[in-house]
$ cat coords.cif   # mmCIF, C-alpha atoms and all ligand atoms
data_run
loop_
_atom_site.label_atom_id
_atom_site.label_comp_id
_atom_site.auth_asym_id
_atom_site.auth_seq_id
_atom_site.Cartn_x
_atom_site.Cartn_y
_atom_site.Cartn_z
CA MET A 1 31.90 -4.26 -6.96
CA ALA A 2 29.97 -1.37 -8.45
CA THR A 3 28.92 1.33 -6.01
CA LEU A 4 26.13 3.64 -6.98
CA ALA A 5 27.45 7.18 -7.21
CA ASP A 6 25.42 7.52 -10.39
CA PRO A 7 22.41 5.22 -10.06
CA GLU A 8 21.18 5.93 -13.59
CA HIS A 9 23.65 3.63 -15.29
CA GLN A 10 24.72 1.24 -12.59
CA PHE A 11 22.25 -1.63 -12.90
CA SER A 12 23.74 -4.83 -14.27
CA LEU A 13 21.25 -6.69 -16.37
CA LEU A 14 20.92 -10.49 -16.24
CA PRO A 15 17.97 -11.34 -18.49
CA HIS A 16 15.97 -14.41 -17.49
CA PRO A 17 17.42 -17.46 -19.32
CA ALA A 18 13.98 -19.08 -19.65
CA PRO A 19 11.17 -16.52 -19.27
CA THR A 20 7.58 -17.71 -18.89
CA ALA A 21 6.09 -18.92 -22.18
CA ASP A 22 3.66 -16.45 -23.81
CA ALA A 23 0.71 -18.85 -23.60
CA VAL A 24 1.29 -19.47 -19.87
CA ARG A 25 1.62 -15.74 -19.15
CA GLU A 26 -1.53 -14.95 -21.13
CA GLY A 27 -3.35 -17.58 -19.08
CA VAL A 28 -2.24 -15.90 -15.84
CA LEU A 29 -3.18 -12.42 -17.12
CA ALA A 30 -6.68 -13.57 -18.01
CA ASN A 31 -7.35 -14.15 -14.31
CA PRO A 32 -4.46 -12.76 -12.25
CA GLY A 33 -6.07 -12.71 -8.80
CA PHE A 34 -3.93 -10.83 -6.28
CA GLY A 35 -0.40 -11.60 -5.12
CA THR A 36 -0.14 -15.19 -6.28
CA HIS A 37 1.59 -14.84 -9.66
CA PHE A 38 4.88 -13.05 -10.24
CA THR A 39 6.78 -11.68 -13.21
CA ASP A 40 10.07 -13.13 -14.48
CA HIS A 41 12.47 -10.54 -13.06
CA MET A 42 13.37 -8.73 -9.86
CA ILE A 43 15.55 -5.80 -8.83
CA SER A 44 18.13 -6.23 -6.11
CA ILE A 45 20.41 -3.63 -4.49
CA ASP A 46 22.63 -4.26 -1.47
CA TRP A 47 23.65 -1.89 1.29
CA SER A 48 26.44 -2.31 3.76
CA ASP A 49 28.07 -0.12 6.33
CA GLY A 50 31.04 1.52 4.59
CA LEU A 51 30.07 0.68 0.97
CA GLY A 52 26.60 2.17 1.04
CA TRP A 53 24.31 1.07 -1.82
CA HIS A 54 26.03 -1.24 -4.32
CA ASP A 55 25.56 -4.21 -6.66
CA ALA A 56 22.31 -3.15 -8.29
CA THR A 57 20.99 -5.87 -10.56
CA ILE A 58 17.96 -6.65 -12.68
CA GLY A 59 17.89 -10.39 -12.88
CA PRO A 60 15.66 -13.48 -12.85
CA ARG A 61 13.23 -13.60 -9.92
CA GLN A 62 14.62 -16.31 -7.66
CA PRO A 63 14.97 -17.41 -4.02
CA ILE A 64 17.32 -15.41 -1.80
CA PRO A 65 19.96 -17.47 0.01
CA MET A 66 19.69 -16.65 3.69
CA ASP A 67 21.68 -17.42 6.81
CA PRO A 68 19.54 -18.76 9.70
CA ALA A 69 20.86 -15.85 11.79
CA CYS A 70 19.71 -13.30 9.18
CA ALA A 71 18.62 -10.35 11.32
CA VAL A 72 15.18 -9.85 9.74
CA LEU A 73 14.16 -13.38 10.78
CA HIS A 74 14.67 -12.52 14.44
CA TYR A 75 13.86 -8.86 15.05
CA ALA A 76 11.76 -8.04 11.98
CA GLN A 77 13.69 -5.07 10.62
CA GLU A 78 11.73 -4.86 7.37
CA ILE A 79 9.78 -2.20 5.43
CA PHE A 80 7.89 -2.24 2.16
CA GLU A 81 5.93 -0.23 -0.39
CA GLY A 82 3.08 -0.98 -2.76
CA LEU A 83 2.33 0.84 -6.01
CA LYS A 84 0.92 0.01 -9.42
CA ALA A 85 1.77 0.33 -13.10
CA TYR A 86 -1.30 0.89 -15.28
CA LYS A 87 -1.98 0.38 -18.96
CA GLN A 88 -2.98 3.75 -20.33
CA ALA A 89 -5.87 4.64 -22.61
CA ASP A 90 -3.29 5.51 -25.31
CA GLY A 91 -1.58 2.10 -25.00
CA GLY A 92 1.33 3.43 -22.91
CA ILE A 93 2.29 2.53 -19.34
CA ALA A 94 2.29 4.79 -16.29
CA LEU A 95 3.11 4.74 -12.61
CA PHE A 96 0.97 6.61 -10.10
CA ARG A 97 2.83 9.01 -7.75
CA PRO A 98 5.97 6.84 -7.38
CA GLU A 99 7.86 9.76 -5.79
CA ALA A 100 5.34 9.70 -2.93
CA ASN A 101 6.15 6.00 -2.38
CA ALA A 102 9.87 6.82 -2.50
CA ARG A 103 9.46 9.50 0.18
CA ARG A 104 7.32 7.27 2.40
CA PHE A 105 9.78 4.39 2.00
CA ASN A 106 12.49 6.60 3.47
CA ALA A 107 10.23 7.79 6.29
CA SER A 108 9.65 4.11 7.13
CA ALA A 109 13.40 3.44 6.86
CA ARG A 110 14.16 6.19 9.39
CA ARG A 111 11.63 4.80 11.89
CA LEU A 112 13.07 1.27 11.58
CA ALA A 113 16.70 2.48 11.87
CA MET A 114 17.46 1.46 8.27
CA PRO A 115 19.46 3.31 5.57
CA GLU A 116 17.54 5.60 3.23
CA LEU A 117 17.49 4.83 -0.49
CA PRO A 118 17.92 7.89 -2.75
CA GLU A 119 14.49 8.68 -4.20
CA ALA A 120 15.84 8.65 -7.76
CA MET A 121 17.16 5.12 -7.19
CA PHE A 122 13.80 3.94 -5.86
CA ILE A 123 11.95 5.35 -8.88
CA ASP A 124 14.58 4.08 -11.32
CA SER A 125 14.40 0.57 -9.85
CA VAL A 126 10.62 0.45 -10.19
CA ARG A 127 10.68 1.84 -13.74
CA ARG A 128 13.27 -0.67 -14.87
CA LEU A 129 11.35 -3.64 -13.51
CA VAL A 130 8.16 -2.46 -15.21
CA GLU A 131 10.04 -1.96 -18.47
CA ILE A 132 11.61 -5.41 -18.54
CA ASP A 133 8.38 -7.16 -17.47
CA LYS A 134 5.89 -4.94 -19.30
CA ALA A 135 4.32 -7.94 -21.03
CA TRP A 136 2.96 -8.83 -17.56
CA ILE A 137 0.70 -5.79 -17.19
CA PRO A 138 -2.91 -6.94 -17.52
CA ALA A 139 -5.09 -4.66 -19.63
CA ALA A 140 -8.58 -5.29 -18.22
CA GLU A 141 -10.39 -2.50 -16.37
CA GLY A 142 -9.51 -2.62 -12.66
CA SER A 143 -6.30 -4.57 -13.27
CA SER A 144 -2.67 -3.48 -13.08
CA LEU A 145 0.85 -4.64 -12.32
CA TYR A 146 1.35 -4.42 -8.55
CA LEU A 147 4.91 -3.47 -7.57
CA ARG A 148 6.39 -4.40 -4.25
CA PRO A 149 9.64 -2.65 -3.29
CA PHE A 150 10.94 -3.80 0.10
CA MET A 151 14.05 -3.76 2.27
CA PHE A 152 15.21 -6.06 5.04
CA ALA A 153 18.14 -6.48 7.43
CA SER A 154 20.33 -9.13 5.80
CA GLU A 155 23.25 -9.24 8.24
CA ALA A 156 23.76 -12.60 10.00
CA PHE A 157 23.91 -11.85 13.72
CA LEU A 158 21.85 -12.19 16.86
CA GLY A 159 21.78 -8.97 18.78
CA VAL A 160 19.48 -6.07 19.27
CA ARG A 161 20.95 -3.21 17.24
CA PRO A 162 20.39 -1.90 13.71
CA ALA A 163 21.91 -4.30 11.16
CA ARG A 164 24.99 -3.34 9.14
CA GLN A 165 23.77 -4.98 5.91
CA TYR A 166 20.47 -4.66 4.04
CA LYS A 167 18.88 -5.88 0.84
CA TYR A 168 16.46 -3.80 -1.23
CA LEU A 169 14.36 -5.78 -3.71
CA VAL A 170 11.50 -5.05 -6.06
CA ILE A 171 9.16 -7.77 -7.30
CA ALA A 172 6.02 -7.45 -9.42
CA SER A 173 2.72 -9.28 -9.52
CA PRO A 174 -0.14 -8.91 -12.02
CA ALA A 175 -3.28 -7.88 -10.11
CA GLY A 176 -6.98 -8.21 -10.83
CA ASN A 177 -9.64 -7.21 -8.34
CA TYR A 178 -8.32 -7.19 -4.75
CA PHE A 179 -11.38 -8.45 -2.89
CA LYS A 180 -11.97 -12.06 -3.88
CA SER A 181 -15.70 -11.83 -3.43
CA GLY A 182 -15.81 -8.81 -5.77
CA ALA A 183 -18.55 -7.58 -3.41
CA PRO A 184 -19.82 -4.06 -4.10
CA ALA A 185 -19.57 -3.08 -0.41
CA VAL A 186 -17.58 -4.69 2.38
CA SER A 187 -18.56 -5.58 5.91
CA ILE A 188 -16.09 -4.62 8.62
CA TRP A 189 -15.48 -5.85 12.15
CA VAL A 190 -14.50 -3.45 14.97
CA SER A 191 -11.55 -5.09 16.68
CA GLN A 192 -10.76 -4.99 20.35
CA TYR A 193 -7.13 -5.46 19.43
CA THR A 194 -5.23 -2.30 18.54
CA ARG A 195 -2.94 -1.80 15.57
CA ALA A 196 -0.68 1.04 16.66
CA ALA A 197 -0.01 3.06 19.79
CA PRO A 198 1.20 6.67 20.06
CA GLY A 199 4.98 6.64 19.63
CA GLY A 200 4.90 3.24 17.92
CA THR A 201 5.37 2.24 14.28
CA GLY A 202 1.82 2.86 13.02
CA ALA A 203 2.93 5.43 10.43
CA ALA A 204 5.71 3.20 9.05
CA LYS A 205 4.95 0.63 6.36
CA CYS A 206 6.64 -2.29 8.08
CA GLY A 207 5.87 -6.00 8.03
CA GLY A 208 5.67 -6.07 11.83
CA ASN A 209 2.49 -3.99 11.82
CA TYR A 210 0.90 -6.57 9.57
CA ALA A 211 2.06 -9.53 11.67
CA ALA A 212 0.23 -7.95 14.61
CA SER A 213 -2.94 -7.45 12.54
CA LEU A 214 -3.36 -11.08 11.43
CA VAL A 215 -5.21 -12.38 14.48
CA PRO A 216 -7.72 -9.49 14.43
CA GLN A 217 -8.15 -9.92 10.66
CA ALA A 218 -8.71 -13.67 11.06
CA GLU A 219 -11.27 -12.95 13.76
CA ALA A 220 -13.13 -10.64 11.36
CA ILE A 221 -13.20 -13.36 8.69
CA GLU A 222 -14.29 -15.99 11.20
CA ARG A 223 -17.27 -13.81 12.13
CA GLY A 224 -18.23 -13.44 8.50
CA HIS A 225 -16.76 -9.98 7.76
CA ASP A 226 -14.32 -8.88 5.07
CA GLN A 227 -12.01 -6.54 6.96
CA VAL A 228 -11.11 -5.34 10.42
CA VAL A 229 -11.26 -1.71 11.62
CA PHE A 230 -9.00 -0.57 14.44
CA LEU A 231 -9.74 1.99 17.14
CA ASP A 232 -7.09 4.10 18.85
CA ALA A 233 -4.94 2.40 21.50
CA ALA A 234 -5.26 5.05 24.22
CA GLU A 235 -9.04 5.51 24.57
CA HIS A 236 -10.37 2.75 22.32
CA LYS A 237 -12.85 5.25 21.01
CA TRP A 238 -11.54 6.95 17.87
CA ILE A 239 -11.61 5.25 14.48
CA GLU A 240 -8.18 4.81 12.98
CA GLU A 241 -8.07 2.63 9.84
CA LEU A 242 -8.47 -0.88 8.44
CA GLY A 243 -5.61 -3.40 8.41
CA GLY A 244 -4.27 -1.93 5.17
CA MET A 245 -6.60 0.89 4.10
CA ASN A 246 -7.52 4.38 5.29
CA LEU A 247 -11.11 5.48 5.89
CA TYR A 248 -13.35 8.34 4.76
CA PHE A 249 -16.77 9.28 6.15
CA VAL A 250 -19.25 11.07 3.88
CA PHE A 251 -22.03 13.23 5.34
CA ALA A 252 -25.45 14.17 4.01
CA ASP A 253 -24.32 17.80 3.68
CA GLY A 254 -21.65 16.64 1.18
CA SER A 255 -18.66 17.10 3.52
CA LEU A 256 -16.10 14.40 4.33
CA VAL A 257 -14.04 13.45 7.36
CA THR A 258 -10.89 11.33 7.47
CA PRO A 259 -8.83 10.53 10.59
CA PRO A 260 -5.80 12.85 10.98
CA LEU A 261 -2.18 11.72 10.53
CA THR A 262 -1.09 11.79 14.16
CA GLY A 263 1.49 9.01 13.87
CA THR A 264 -0.70 5.98 14.55
CA ILE A 265 -2.20 5.62 11.07
CA LEU A 266 -0.43 4.98 7.79
CA PRO A 267 -0.25 8.08 5.57
CA GLY A 268 -1.88 6.52 2.51
CA ILE A 269 -1.14 7.93 -0.92
CA THR A 270 -4.67 7.03 -1.99
CA ARG A 271 -5.95 8.90 1.11
CA ASP A 272 -3.94 11.94 0.06
CA SER A 273 -5.15 11.68 -3.56
CA VAL A 274 -8.81 11.39 -2.50
CA LEU A 275 -8.36 14.42 -0.26
CA ALA A 276 -7.10 16.47 -3.22
CA LEU A 277 -9.81 15.19 -5.60
CA ALA A 278 -12.59 15.90 -3.11
CA ARG A 279 -11.28 19.45 -2.60
CA ASP A 280 -11.06 19.86 -6.41
CA GLU A 281 -14.78 19.05 -6.43
CA GLY A 282 -15.33 21.93 -4.02
CA LEU A 283 -16.15 19.59 -1.14
CA THR A 284 -15.15 20.27 2.45
CA VAL A 285 -12.79 17.63 3.84
CA ARG A 286 -11.87 17.72 7.50
CA GLU A 287 -8.95 15.73 8.88
CA GLU A 288 -10.29 15.15 12.36
CA ARG A 289 -10.99 12.44 14.90
CA TYR A 290 -14.28 10.58 14.55
CA SER A 291 -15.53 8.19 17.20
CA LEU A 292 -17.21 4.80 16.83
CA ASP A 293 -20.18 6.05 18.90
CA GLN A 294 -20.61 9.06 16.62
CA TRP A 295 -20.32 6.85 13.54
CA ARG A 296 -23.11 4.57 14.78
CA GLU A 297 -25.30 7.52 15.79
CA ASP A 298 -24.75 9.38 12.50
CA ALA A 299 -25.43 6.26 10.42
CA ALA A 300 -28.73 5.81 12.32
CA SER A 301 -29.82 9.45 12.03
CA GLY A 302 -28.90 9.73 8.37
CA ARG A 303 -26.35 12.49 9.01
CA LEU A 304 -23.71 10.06 7.67
CA VAL A 305 -24.54 8.58 4.27
CA GLU A 306 -21.41 6.77 3.08
CA THR A 307 -18.13 5.34 4.33
CA PHE A 308 -15.32 4.09 2.16
CA ALA A 309 -11.88 2.61 2.58
CA CYS A 310 -8.99 3.46 0.27
CA GLY A 311 -5.56 2.09 -0.56
CA THR A 312 -3.45 1.18 -3.58
CA ALA A 313 -4.45 -2.49 -3.65
CA ALA A 314 -8.23 -2.05 -3.71
CA VAL A 315 -8.33 1.69 -4.68
CA VAL A 316 -11.68 2.81 -3.20
CA THR A 317 -13.94 0.29 -1.48
CA PRO A 318 -17.40 1.09 -0.05
CA VAL A 319 -18.16 -0.03 3.50
CA GLY A 320 -21.73 -1.30 3.80
CA LYS A 321 -21.90 -2.71 7.31
CA VAL A 322 -20.04 -2.32 10.60
CA ALA A 323 -20.17 -4.92 13.37
CA GLY A 324 -18.65 -5.11 16.82
CA HIS A 325 -19.07 -6.83 20.16
CA ASP A 326 -22.07 -4.59 20.93
CA GLY A 327 -24.03 -5.08 17.72
CA GLU A 328 -23.97 -3.90 14.14
CA PHE A 329 -25.15 -1.06 11.95
CA VAL A 330 -25.63 -0.42 8.24
CA ILE A 331 -24.17 2.55 6.34
CA GLY A 332 -26.63 4.27 4.00
CA SER A 333 -28.35 1.64 1.87
CA GLY A 334 -25.65 -0.92 2.68
CA GLY A 335 -24.36 -0.70 -0.88
CA PRO A 336 -21.87 1.54 -2.67
CA GLY A 337 -22.63 5.26 -2.17
CA GLN A 338 -22.75 7.93 -4.86
CA LEU A 339 -19.80 10.05 -3.79
CA THR A 340 -17.72 6.92 -3.18
CA GLN A 341 -18.37 5.81 -6.77
CA LYS A 342 -17.69 9.26 -8.17
CA LEU A 343 -14.36 9.70 -6.36
CA LYS A 344 -13.33 6.20 -7.35
CA SER A 345 -14.11 6.86 -11.03
CA ARG A 346 -12.22 10.17 -10.90
CA LEU A 347 -9.16 8.53 -9.43
CA VAL A 348 -9.19 5.49 -11.71
CA ALA A 349 -9.65 7.71 -14.79
CA ILE A 350 -6.52 9.71 -13.86
CA GLN A 351 -4.55 6.53 -13.13
CA ARG A 352 -5.47 5.07 -16.52
CA GLY A 353 -4.79 8.27 -18.48
CA GLU A 354 -8.46 8.73 -19.36
CA ALA A 355 -8.81 12.11 -17.62
CA PRO A 356 -6.61 15.20 -17.23
CA ASP A 357 -3.99 14.98 -14.49
CA PRO A 358 -4.03 18.44 -12.89
CA HIS A 359 -1.81 17.43 -9.96
CA GLY A 360 0.93 15.80 -12.08
CA TRP A 361 0.46 12.42 -10.42
CA VAL A 362 0.97 10.18 -13.45
CA MET A 363 4.51 9.26 -14.47
CA LYS A 364 4.49 7.91 -18.01
CA LEU A 365 7.20 5.40 -18.83
C1 LIG B 401 -0.28 0.80 2.59
C2 LIG B 401 -1.28 1.05 3.64
C3 LIG B 401 -2.39 1.90 3.45
C4 LIG B 401 -2.73 2.53 2.13
O1 LIG B 401 -1.70 3.32 1.59
P1 LIG B 401 -1.70 3.63 0.02
O2 LIG B 401 -0.48 4.45 -0.16
O3 LIG B 401 -2.94 4.38 -0.27
O4 LIG B 401 -1.65 2.32 -0.66
C5 LIG B 401 -3.23 2.14 4.52
N1 LIG B 401 -3.02 1.55 5.71
C6 LIG B 401 -1.98 0.71 5.92
C7 LIG B 401 -1.81 0.10 7.26
C8 LIG B 401 -1.08 0.44 4.90
O5 LIG B 401 -0.07 -0.39 5.13
#

$ encode --input "coords.cif" --output "structure tokens"
Amino acid sequence: MATLADPEHQFSLLPHPAPTADAVREGVLANPGFGTHFTDHMISIDWSDGLGWHDATIGPRQPIPMDPACAVLHYAQEIFEGLKAYKQADGGIALFRPEANARRFNASARRLAMPELPEAMFIDSVRRLVEIDKAWIPAAEGSSLYLRPFMFASEAFLGVRPARQYKYLVIASPAGNYFKSGAPAVSIWVSQYTRAAPGGTGAAKCGGNYAASLVPQAEAIERGHDQVVFLDAAEHKWIEELGGMNLYFVFADGSLVTPPLTGTILPGITRDSVLALARDEGLTVREERYSLDQWREDAASGRLVETFACGTAAVVTPVGKVAGHDGEFVIGSGGPGQLTQKLKSRLVAIQRGEAPDPHGWVMKL
């Protein structure tokens, strides 16, 4: 059994015996959708108490044999990441801030009482999967190869304690436009459910947070909206984030506000990138609480002109309408705002290697 003292050279490679035929793959890449098609390979690394990380493989993507007592099935000890590989303007391939995903993965691991994965091993695993499946990266504008590193408790036992065995896997899925409707601006529903409470797991990227958000999200869809927005758990007053995206508010004076990272919202890498890009533009960005009442009032008075959501999957998405139990309001013209579009173009241009990268965010493969 190979342990991973030197992760650089410890992956065993098992190429897929029957990879997807070129014509079939090209068909998928012409219209990839989101999260429904997968590449031929996956990365797998095991961890156990005593051995640490071992048995790193790149092999065919396949089902994982699982004992019915597998700990993750009972107490949901699971975390994940999401990042993208982009075709570059010069024909190359690049990852966007993978070291930030590696750091956040370990922050999530600590909160869920799971072992940390050395950052170099995280980045190496992602790079290797992209390299072996690079034929799966769609080239069209707005498309990419979505990478999903994740870790779960794989020990077979029933008992409430941190597991003594884990599996880390990386899978990849070609991605087109995230929102099926392709709508220029989304409509969001203010939920009466909450996503995260102070002291909870809101800042960790764990599957459990998403399980809890499905009923509110379904309610939003049922009422004809695209996404749900959550308020804080303590006062039910302050805007936190969407189910899987952070929020920015844009004011008529050109300044921006985004909710602060107090432990109940997910520290988005897109959020952090937008913050830096807006400051590069000379704009004032405040990380401060913003209430639903203020949002409604500012949208009505014209003090607030745009709102957008941001996250890796959908990049930057304008919010056109907000609805809740006590009525609805429109943001700006109800369509995509100017600054939203500008920041989105700036970010996408850096990701695709079409603009200078002053912050060193792009990792070319
Ligand atoms: C992943 C995620 C985000 C966005 O994070 P990015 O790093 O920008 O993709 C925002 N909110 C939640 C709840 C998330 O899980």

$ atom_distance --input "coords.cif" --atom1 "CA of Val186 in chain A" --atom2 "CA of Glu235 in chain A"
25.9 Å

$ closest_residue --input "coords.cif" --among "A:Ala135, A:Tyr290, A:Val72, A:Ala300" --to "Asp22 in chain A" --atoms "only C-alpha atoms"
A:Ala135

$ closest_residue --input "coords.cif" --among "A:Phe230, A:Phe251, A:Tyr166, A:Trp238" --to "ligand LIG 401 (chain B)" --atoms "only C-alpha atoms and all ligand atoms"
A:Phe230

$ closest_residue --input "coords.cif" --among "A:Leu277, A:Val362, A:Leu292, A:Ile269" --to "ligand LIG 401 (chain B)" --atoms "all atoms listed in the file"
A:Ile269

$ residues_around --input "coords.cif" --residues "Lys321 in chain A" --least-positions-apart "4" --cutoff "7 Å" --atoms "all atoms listed in the file" --output "list in words"
Val186, Ser187, Ile188, Phe329, Val330, Ile331 and Gly334 of chain A

$ residues_near_point --input "coords.cif" --point "(-14.8, -4.8, 14.2)" --cutoff "8 Å" --atoms "only C-alpha atoms" --output "list of chain:residue names"
A:Ile188, A:Trp189, A:Val190, A:Ser191, A:Gln192, A:Ala220, A:Gln227, A:Val228, A:Val229, A:Phe230, A:Val322, A:Ala323, A:Gly324, A:His325

$ atom_distance --input "coords.cif" --atom1 "CA of Glu287 in chain A" --atom2 "CA of Leu339 in chain A"
17.6 Å

$ atom_distance --input "coords.cif" --atom1 "CA of Ala18 in chain A" --atom2 "CA of Ile132 in chain A"
13.9 Å
